[in-house]
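> Quick one: this structure, given as structure tokens, is what I'll be asking you about.
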Amino acid sequence: MTTKRRLLLPSASEALMAYKEHRLIFKNIDAPGYTRDLTCYQKHGGYEILKKGLAMGGPAIREEVKKSQLRGRGGAGFPTGTKWGFIDPAKVTKPIYLICNADESEPGTFKDRQIIYKDPHQLIEGMILSCFANGVKLAYLYIRCEFTEGWRILETALAEAKGAGFLGKNILNSGYDLEIHVHRGAGAYICGEETGLIESLEGKRAYPRIKPPYFPAVLGLYMCPTIVNNVETLCHVKHIIEMGGEAYAKIGRPNNTGTRLICVSGDVVRPGYYEFPCGALTLGELIQHVCGGIRNGNRLKAVIPGGSSAKVLKAGEVYKIKEAGVDGKLVEKEVKLEDLRLDFDTLAAAGSMAGSGGVIVMDHTRDMVECLANISTFYAHESCGQCTPCREGVLWLKKILSRIAEGHGRDDDPSLLKEVADRIAGRTICAFGEAASWPVQSFLGKFRDEFAQRIRRNGNAAKKDFVSLTH
Amino acid sequence: MNCCEKHPMNPWNHDVAKDEKDLVDVQVDGVWMQMPRGLNVVEVAHRAKKFIPHYCYHPKLSVVGNCRMCLFEMGTPKMGPDRKPILGADGKPEIAWMPRPQIGCATNITPGMGIRTDSALVKDCRNGVMEFLLINHPLDCPICDQAGECKLQEYSVEYGTGASRFVENKVKKPKNVDLGERIVLDDERCILCSRCIRFSSEVMKDDVLGFVNRGSHSTLTAYPGKSFDNAYSLNTADICPVGALTSKDFRFQMRVWFLKETKSLCASCGTGCNITIGSREGKVHRLTPRENESVNSQWMCDFGRLNFHDLESKNRLDRPLLKAAGQQFPATWTNAIQRAADTLKKVKPDEIAVVASGRLTNEELFVLKRLLGELGVTRVDTVMNPGQADNFLRSGDGNPNSRGAELLGLSSGGRKLGAWGGEIASGKIKALLVLGGEDLVAAGIPADSLAKLEVLIFSGILSNATSQLAQVVLPGAAFAEKTGSMVNVHGRLQRMTRAIPAPGEAREDWMILRDLRIALTGGNSLHSVEDVWKSMAGEVAQFSGLSWAKIGDLGIQLESAPKIREEVSA
């Protein structure tokens with residue numbers, strides 16, 4: 001279906017076939033009668049894969065994960081097998097830590113919480129397998145503090161798992177010991193950045209660390225080798241072990257394997273969370289067929305495909321994307337926004353990113369100035385303040401945007417916004433600088449008219465209001 | 001010992017190469033050169049006579065990389081298919097430049113690295129950081145104490161735009177925050193470089209400073225209920241690149257560009273921290289540490305730093321005094337020296353005792369030694385002034401030049417002095433010459449014993465119980481008012497330089513002793529303090545072959561005394 005050009009009006013049956021979810025992680029979630037307790041989980045085959053994994057041994061698990069070509073689901077899409085490959089448990093003398101990043105805070109993203117709230121044992125099983133594979137004896141589950149109920153659920157589930165012998169000393173008589181502690185954040189977006197998370201876990205301010213070292217695998221928690229994986233990623237490990245790496249790699253597309261949890265929010269008829277094979281679906285299919293189209297019969301205006309920090313895509317845009325043809329050669333194709341495949345490589349080629357899987361849909365009634373001001377307000381609030389460009393620049397962006405939105409825009413504001421954003425991106429300690437700048441760069445790049453219009457509408461009189469006396 | 005394991009003077013020494021001979025090829029702004037492996041790019045640029053501006057980076061503190069001012073363009077050698085660098089026409093590796101700028105402080109050089117310190121990208125980075133740092137800054141240079149030595153000012157001129165595009169309201173933060181006994185904080189000026197936090201926690205092991213709040217509202221503060229007043233707190237005012245942390249003692253006293261800077265020594269204890277004296281029109285306004293890795297690195301204690309106010313004490317002796325009818329009256333130098341000589345001539349040499357002082361310079365002590373030799377006086381010692389050793393810089397010896405006095409044979413470490421009280425009472429000692437302003441009453445010789453002396457001559461800078469009993473008071477010069485040399489407790493010979501003249505008619509002590517010598521023995525061949533040094537170098541084995549030029553600004557380690565750096569690394 002992916003290679004065939006989509007018909008303008010697919011028949012009902014084809015639509016049903018094409019847009020049926022492929023649920024691995026969400027298999028039991030929201031299923032009638034499914035509860036989050038251990039008994040129910042085990043009734044559905046829970047912890048059987050753990051037994052299989054323990055029998056396989058660590059190196060075999062790592063091999064399967066490598067074969068699966070699984071890419072991290074936290075946002076950057078870094079290959080999990082490679083990340084694990086930085087550490088050789090046989091050679092490392094220090095303790096190795098694994099941290100599950102459950103600080104899901106990217107606006108537009110609400111997938112991990114479904115797992116935590118509705119199927120916590122799936123995460124725990126995936127975590128135990130990953131820990132076992134990498135020789136980890138102590139793991140942390142870093143959960144954002146706003147998930148109060150989720151924290152209690154995880155504590156309960158961990159106690160259940162421990163009571164049943166899946167955690168603690170000598171797990172299932174394998175001789176393998178593992179403890180998992182839940183650690184709650186204190187309400188900062190930056191704690192989702194892996195080195196910020198590590199600092200926070202160590203009891204410090206969540207200031208992301210400078211690079212080098214480039215990966216926590218070298219020097220992570222307590223200066224020991226550390227693996228930080230997203231909730232969804234760790235769950236995928238369980239399914240990779242269940243079906244084998246090669247079989248898993250057949251789901252989705254080359255280099256974009258497995259299924260992907262997609263969170264759709266915004267102006268669609270049926271927003272929500274879905275699970276599809278990577279790249280099995282185009283953006284248009286997702287919006288039109290899975291989510292029931294734009295609500296109120298409105299027209300599509302823009303989509304942010306990977307959480308609020310991803311660059312916005314504008315309706316009507318055409319992208320030049322290189323794709324492997326039948327003979328394996330790269331062919332450049334023109335692809336419309338609606339025909340963009342929802343996978344890592346395609347969205348990156350379109351100048352945005354798959355990010356954390358949070359698709360935000362905006363219809364033609366949306367005011368882009370307001371949207372961007374809203375996004376920038378979030379980032380200005382969340383900048384940790386460690387390094388200069390982000391600390392000062394992001395609040396500046398927010399102040400300019402709020403001023404424009406309030407009707408006091410100045411003619412040179414759009415170019416000033418762009419220049420400020422350009423001077424943040426790529427010059428900060430962590431990727432927050434990009435996360436805060438990309439929306440500004442892309443909104444201004446694609447909807448500059450709207451900003452200019454808003455400023456003109458408010459008239460030149462506004463200029464006089466804001467002449468600062470301090471300069 | 002100067003430093004112990006608990007308090008290494010510098011946990012980091014980014015400006016010191018592990019091995020100066022282990023060199024790698026790097027290209028700095030198009031020029032290939034060899035630099036020691038492991039140095040960071042800021043230091044490499046510095047050695048290459050280039051400058052990479054920076055705020056948060058400090059060679060003696062950990063690297064945090066938060067100011068982003070040291071962004072530079074980095075390149076690595078282009079690799080061929082054989083994994084070997086591709087060589088250009090000049091035989092040097094071709095460089096592949098990275099699109100993203102890197103921070104110089106956290107990047108250590110590797111073989112074949114390319115460094116651009118002034119490309120268009122680098123300039124734009126610096127320009128951007130400068131603009132960001134200034135948008136919420138109060139721009140209150142006219143009333144800021146840092147003006148004139150402020151990195152924000154300096155880099156604004158070099159790398160800024162001159163005008164701001166910021167028209168929003170600035171972030172408001174606390175001002176005039178009383179951080180501790182000696183430090184005031186202006187949070188609006190703070191650029192959050194965290195140097196003070198790192199100094200306090202890494203060097204002083206006093207983890208009392210930190211940031212609160214987030215983003216642009218981040219604020220430097222002391223831990224609730226704690227105050228920032230460790231014994232070295234004022235060093236943070238030095239390393240603060242802006243006017244956020246200022247010294248309560250110095251603030252609003254003098255614009256720094258008016259200060260004359262004189263390289264000298266702190267005389268408050270036996271460590272002999274190297275300092276810069278900031279003075280103007282005969283008044284010392286501040287002391288700041290001067291870098292010397294063998295002594296004090298870049299630090300000094302608050303006690304020593306503030307211990308110059310005695311120079312202007314109301315107890316300062318600024319003209320010679322002679323006692324008549326039980327009262328001291330001002331006199332001319334001629335009369336005072338004559339009177340001192342006359343009274344000393346009346347007693348036998350073995351009835352004279354001399355309190356030399358560990359506060360005097362080697363030169364002064366040497367003139368004294370000559371005088372005593374010519375007179376045949378052998379009863380000489382120094383007063384021990386205990387200091388408060390703190391396992392960091394402050395020494396247990398409160399005298400700055402005890403080692404010099406010992407070396408010149410003018411001290412027995414206070415052992416002889418102990419018997420003098422009795423000898424004065426029994427009449428064995430009839431005359432006492434007290435130098436260096438020592439207070440013998442405080443040193444244990446009762447005032448009524450001193451009152452029995454036939455002759456009591458006192459020289460010093462402040463009046464005290466001993467000076468008040470003296471028949472002749474000869475006003476001397478304080479450390480900032482004289483030139484000479486001293487030997488610190490670790491055996492390092494260092495130079496002290498006069499910054500201001502002594503007040504009133506007070507004189508440098510070597511001149512007082514010279515004049516006394518002329519009056520007593522008639523002998524003199526010493527016309528300047530340099531002459532004194534030359535004569536001394538000819539006579540004292542440890543100083544032989546040394547000149548002031550050879551001692552230099554950083555001093556020389558005398559043989560048979562362990563070097564501090566070795567002690568630190570041991």
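Just remember, in the structure tokens the first chain shown is A, the second B, etc., residues are 1-based per chain, and ligands are 1-based in the order shown.
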Output the contact residues of chain A with respect to chain B at a cut-off of 9 Å, based on only C-alpha atoms, as number ranges by chain.
A: 205, 209-212, 380-396, 399-400, 403, 416, 420, 423-424, 426-429, 466-471
> Those residues you just picked out, can you put them in a file as an mmCIF file, in the first residue's frame with N, CA and C atoms?

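Saved file out_18.cif follows:
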data_model
loop_
_atom_site.group_PDB
_atom_site.id
_atom_site.type_symbol
_atom_site.label_atom_id
_atom_site.label_comp_id
_atom_site.auth_asym_id
_atom_site.auth_seq_id
_atom_site.Cartn_x
_atom_site.Cartn_y
_atom_site.Cartn_z
ATOM 1 N N ARG A 205 20.401 20.602 40.389
ATOM 2 C CA ARG A 205 19.558 21.287 39.412
ATOM 3 C C ARG A 205 19.703 20.558 38.088
ATOM 4 N N ARG A 209 24.312 18.537 30.803
ATOM 5 C CA ARG A 209 25.781 18.533 30.851
ATOM 6 C C ARG A 209 26.363 18.961 29.514
ATOM 7 N N ILE A 210 27.570 19.515 29.589
ATOM 8 C CA ILE A 210 28.238 19.888 28.348
ATOM 9 C C ILE A 210 28.841 18.646 27.703
ATOM 10 N N LYS A 211 28.979 18.740 26.376
ATOM 11 C CA LYS A 211 29.558 17.638 25.620
ATOM 12 C C LYS A 211 30.931 18.077 25.118
ATOM 13 N N PRO A 212 31.940 17.259 25.058
ATOM 14 C CA PRO A 212 31.977 15.861 25.468
ATOM 15 C C PRO A 212 31.964 15.721 26.993
ATOM 16 N N ALA A 380 9.854 29.656 27.058
ATOM 17 C CA ALA A 380 10.445 30.677 27.926
ATOM 18 C C ALA A 380 10.282 30.273 29.385
ATOM 19 N N HIS A 381 9.185 29.621 29.683
ATOM 20 C CA HIS A 381 8.947 29.177 31.055
ATOM 21 C C HIS A 381 9.841 28.015 31.423
ATOM 22 N N GLU A 382 10.206 27.216 30.436
ATOM 23 C CA GLU A 382 10.930 25.984 30.725
ATOM 24 C C GLU A 382 12.449 26.068 30.524
ATOM 25 N N SER A 383 12.941 27.130 29.933
ATOM 26 C CA SER A 383 14.396 27.235 29.770
ATOM 27 C C SER A 383 15.048 27.142 31.148
ATOM 28 N N CYS A 384 16.068 26.293 31.265
ATOM 29 C CA CYS A 384 16.623 26.065 32.593
ATOM 30 C C CYS A 384 17.461 27.248 33.046
ATOM 31 N N GLY A 385 17.966 28.026 32.099
ATOM 32 C CA GLY A 385 18.729 29.209 32.489
ATOM 33 C C GLY A 385 20.209 28.962 32.614
ATOM 34 N N GLN A 386 20.664 27.800 32.201
ATOM 35 C CA GLN A 386 22.094 27.537 32.360
ATOM 36 C C GLN A 386 22.942 28.333 31.382
ATOM 37 N N CYS A 387 22.635 28.248 30.102
ATOM 38 C CA CYS A 387 23.519 28.913 29.146
ATOM 39 C C CYS A 387 22.853 30.146 28.528
ATOM 40 N N THR A 388 23.689 31.097 28.197
ATOM 41 C CA THR A 388 23.236 32.440 27.850
ATOM 42 C C THR A 388 22.216 32.514 26.700
ATOM 43 N N PRO A 389 22.503 31.935 25.522
ATOM 44 C CA PRO A 389 21.593 32.191 24.401
ATOM 45 C C PRO A 389 20.161 31.766 24.696
ATOM 46 N N CYS A 390 20.018 30.600 25.325
ATOM 47 C CA CYS A 390 18.685 30.086 25.598
ATOM 48 C C CYS A 390 18.035 30.872 26.728
ATOM 49 N N ARG A 391 18.793 31.086 27.800
ATOM 50 C CA ARG A 391 18.248 31.778 28.973
ATOM 51 C C ARG A 391 17.686 33.149 28.600
ATOM 52 N N GLU A 392 18.479 33.910 27.883
ATOM 53 C CA GLU A 392 18.065 35.277 27.569
ATOM 54 C C GLU A 392 17.238 35.328 26.293
ATOM 55 N N GLY A 393 17.645 34.518 25.309
ATOM 56 C CA GLY A 393 17.014 34.607 23.996
ATOM 57 C C GLY A 393 15.581 34.109 23.974
ATOM 58 N N VAL A 394 15.318 33.017 24.672
ATOM 59 C CA VAL A 394 13.989 32.419 24.574
ATOM 60 C C VAL A 394 12.943 33.317 25.239
ATOM 61 N N LEU A 395 13.314 33.929 26.357
ATOM 62 C CA LEU A 395 12.371 34.860 26.983
ATOM 63 C C LEU A 395 12.161 36.082 26.101
ATOM 64 N N TRP A 396 13.218 36.467 25.425
ATOM 65 C CA TRP A 396 13.108 37.608 24.508
ATOM 66 C C TRP A 396 12.107 37.281 23.393
ATOM 67 N N LYS A 399 8.693 37.504 24.687
ATOM 68 C CA LYS A 399 8.241 38.881 24.930
ATOM 69 C C LYS A 399 7.855 39.577 23.624
ATOM 70 N N ILE A 400 8.656 39.347 22.582
ATOM 71 C CA ILE A 400 8.324 39.966 21.289
ATOM 72 C C ILE A 400 7.002 39.413 20.772
ATOM 73 N N ARG A 403 4.050 40.601 22.609
ATOM 74 C CA ARG A 403 3.795 42.005 22.269
ATOM 75 C C ARG A 403 3.063 42.096 20.928
ATOM 76 N N LEU A 416 13.656 40.478 13.483
ATOM 77 C CA LEU A 416 14.344 40.377 14.773
ATOM 78 C C LEU A 416 14.127 38.997 15.388
ATOM 79 N N VAL A 420 17.073 36.429 16.348
ATOM 80 C CA VAL A 420 17.262 35.934 17.716
ATOM 81 C C VAL A 420 17.244 34.414 17.720
ATOM 82 N N ARG A 423 20.313 32.864 16.491
ATOM 83 C CA ARG A 423 21.465 32.980 17.385
ATOM 84 C C ARG A 423 21.336 32.098 18.618
ATOM 85 N N ILE A 424 20.206 31.424 18.739
ATOM 86 C CA ILE A 424 20.050 30.459 19.836
ATOM 87 C C ILE A 424 20.380 29.058 19.314
ATOM 88 N N GLY A 426 21.767 25.869 17.849
ATOM 89 C CA GLY A 426 23.117 25.405 17.545
ATOM 90 C C GLY A 426 24.192 25.988 18.423
ATOM 91 N N ARG A 427 23.811 26.841 19.364
ATOM 92 C CA ARG A 427 24.848 27.485 20.172
ATOM 93 C C ARG A 427 24.644 27.255 21.659
ATOM 94 N N THR A 428 23.769 26.334 21.994
ATOM 95 C CA THR A 428 23.457 26.093 23.398
ATOM 96 C C THR A 428 24.042 24.764 23.864
ATOM 97 N N ILE A 429 23.956 24.523 25.167
ATOM 98 C CA ILE A 429 24.509 23.288 25.721
ATOM 99 C C ILE A 429 23.689 22.086 25.271
ATOM 100 N N PHE A 466 6.320 51.519 22.871
ATOM 101 C CA PHE A 466 7.342 50.667 23.437
ATOM 102 C C PHE A 466 8.759 51.175 23.260
ATOM 103 N N VAL A 467 8.887 52.460 23.087
ATOM 104 C CA VAL A 467 10.251 52.971 22.999
ATOM 105 C C VAL A 467 10.828 52.962 24.404
ATOM 106 N N SER A 468 11.823 52.162 24.582
ATOM 107 C CA SER A 468 12.363 52.011 25.927
ATOM 108 C C SER A 468 13.273 53.175 26.257
ATOM 109 N N LEU A 469 13.173 53.618 27.476
ATOM 110 C CA LEU A 469 14.023 54.734 27.891
ATOM 111 C C LEU A 469 15.372 54.252 28.375
ATOM 112 N N THR A 470 15.496 52.960 28.544
ATOM 113 C CA THR A 470 16.741 52.454 29.125
ATOM 114 C C THR A 470 17.828 52.262 28.086
ATOM 115 N N HIS A 471 17.505 52.474 26.824
ATOM 116 C CA HIS A 471 18.539 52.231 25.813
ATOM 117 C C HIS A 471 18.912 53.520 25.130
#
> Give me, as an NGL selection string, all polymer residues having an atom no more than 8 Å from Ser402 in chain B, counting only C-alpha atoms and skipping those fewer than 3 positions away in the same chain.
:B and (270 or 357-359 or 397 or 399 or 405-406 or 411 or 487-489)
> Take the residues from that selection and put them in a file with C-alpha atoms, as a PDB file, in the first residue's frame.

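Output file out-v9.pdb follows:
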ATOM      1  CA  GLY B 270      54.483  33.995  56.415  1.00  0.00           C
ATOM      2  CA  SER B 357      61.543  41.778  63.493  1.00  0.00           C
ATOM      3  CA  GLY B 358      60.159  39.216  61.133  1.00  0.00           C
ATOM      4  CA  ARG B 359      58.188  42.110  59.695  1.00  0.00           C
ATOM      5  CA  ASP B 397      53.604  32.295  61.230  1.00  0.00           C
ATOM      6  CA  ASN B 399      55.526  37.379  60.460  1.00  0.00           C
ATOM      7  CA  ALA B 405      65.589  37.018  59.954  1.00  0.00           C
ATOM      8  CA  GLU B 406      66.703  33.460  60.680  1.00  0.00           C
ATOM      9  CA  SER B 411      66.467  35.414  65.169  1.00  0.00           C
ATOM     10  CA  VAL B 487      61.660  35.030  52.383  1.00  0.00           C
ATOM     11  CA  ASN B 488      58.389  33.233  52.984  1.00  0.00           C
ATOM     12  CA  VAL B 489      57.850  30.225  55.231  1.00  0.00           C
TER      13      VAL B 489
END
> Which residues come within 12 Å of Lys51 in chain A, counting only C-alpha atoms, excluding same-chain residues fewer than 5 positions away, as a PyMOL selection string?
chain A and resi 45-46+56-57+125-126+128-129+132+165-166+171-174+176+238+241-242
> Using only C-alpha atoms for the distances, tell me which of A:Ser308, A:Asn255, A:Gln288, A:Asn298 is nearest to Asp345 in chain A.
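Of A:Ser308, A:Asn255, A:Gln288, A:Asn298, the one nearest Asp345 in chain A is A:Asn255, counting only C-alpha atoms.
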> Would you pick out the contacts of range 353-361 of chain A at 7 Å or less, using only C-alpha atoms, so that residues sharing its chain but fewer than 3 positions from it are not included, and give the list as a ChimeraX atom specification?
/A:73-76,108-109,261-268,302-307,310,343-344,347-348
> Counting only C-alpha atoms, what is within 12 Å of Glu179 in chain A, bar same-chain residues fewer than 4 positions away, as number ranges by chain?
A: 97-99, 124, 127-128, 131-132, 136-141, 158-159, 161-162, 165-171
> Report as a PyMOL selection string all protein, DNA and RNA residues lying within 9 Å of Leu526 in chain B, evaluated on only C-alpha atoms, omitting residues in the same chain fewer than 5 positions from it.
chain B and resi 367+514+531-532+535
> Between CA of Ser309 in chain A and CA of Lys446 in chain A, what is the spacing in Å?
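Result for CA of Lys446 in chain A versus CA of Ser309 in chain A: 15.5 Å, one decimal.
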> Using only C-alpha atoms, which residues sit within 10 Å of Leu546 in chain B once same-chain residues fewer than 5 positions away are excluded, as a PDB file with C-alpha atoms, in the first residue's frame?

ATOM      1  CA  TRP B 533      70.829  44.207  48.278  1.00  0.00           C
ATOM      2  CA  LYS B 534      74.111  44.112  46.401  1.00  0.00           C
ATOM      3  CA  MET B 536      73.918  41.491  51.080  1.00  0.00           C
ATOM      4  CA  ALA B 537      74.156  39.261  48.029  1.00  0.00           C
ATOM      5  CA  GLY B 538      77.897  39.478  48.384  1.00  0.00           C
ATOM      6  CA  ILE B 551      64.214  37.381  41.644  1.00  0.00           C
ATOM      7  CA  ILE B 556      62.907  32.471  43.555  1.00  0.00           C
TER       8      ILE B 556
END
> Please extract the residues of range 119-207 of chain A with a backbone DSSP assignment of strand (DSSP E) and present them as a short mmCIF file (atom, residue, chain, number, x, y, z; two decimals) with C-alpha atoms, in the first residue's frame.

data_model
loop_
_atom_site.label_atom_id
_atom_site.label_comp_id
_atom_site.auth_asym_id
_atom_site.auth_seq_id
_atom_site.Cartn_x
_atom_site.Cartn_y
_atom_site.Cartn_z
CA LEU A 138 20.13 -0.90 39.57
CA ALA A 139 17.71 1.01 37.39
CA TYR A 140 15.71 4.16 37.84
CA LEU A 141 12.36 5.10 36.48
CA TYR A 142 12.32 8.89 36.25
CA ILE A 143 8.74 10.04 36.09
CA GLU A 179 16.25 -3.23 41.67
CA ILE A 180 14.16 -0.52 40.06
CA HIS A 181 13.49 2.73 41.88
CA VAL A 182 10.93 5.27 40.84
CA HIS A 183 12.14 8.85 41.07
CA ARG A 184 9.78 11.77 40.66
#
> So the first atom is CA of Tyr319 in chain A and the second is CA of Trp438 in chain A; what is the distance between them in Å, to one decimal place?
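The value is 17.8 Å.
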> Rounded to one decimal place, report the CA of Val218 in chain A-CA of Pro11 in chain B distance in Å.
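Separation of CA of Val218 in chain A and CA of Pro11 in chain B: 22.2 Å.
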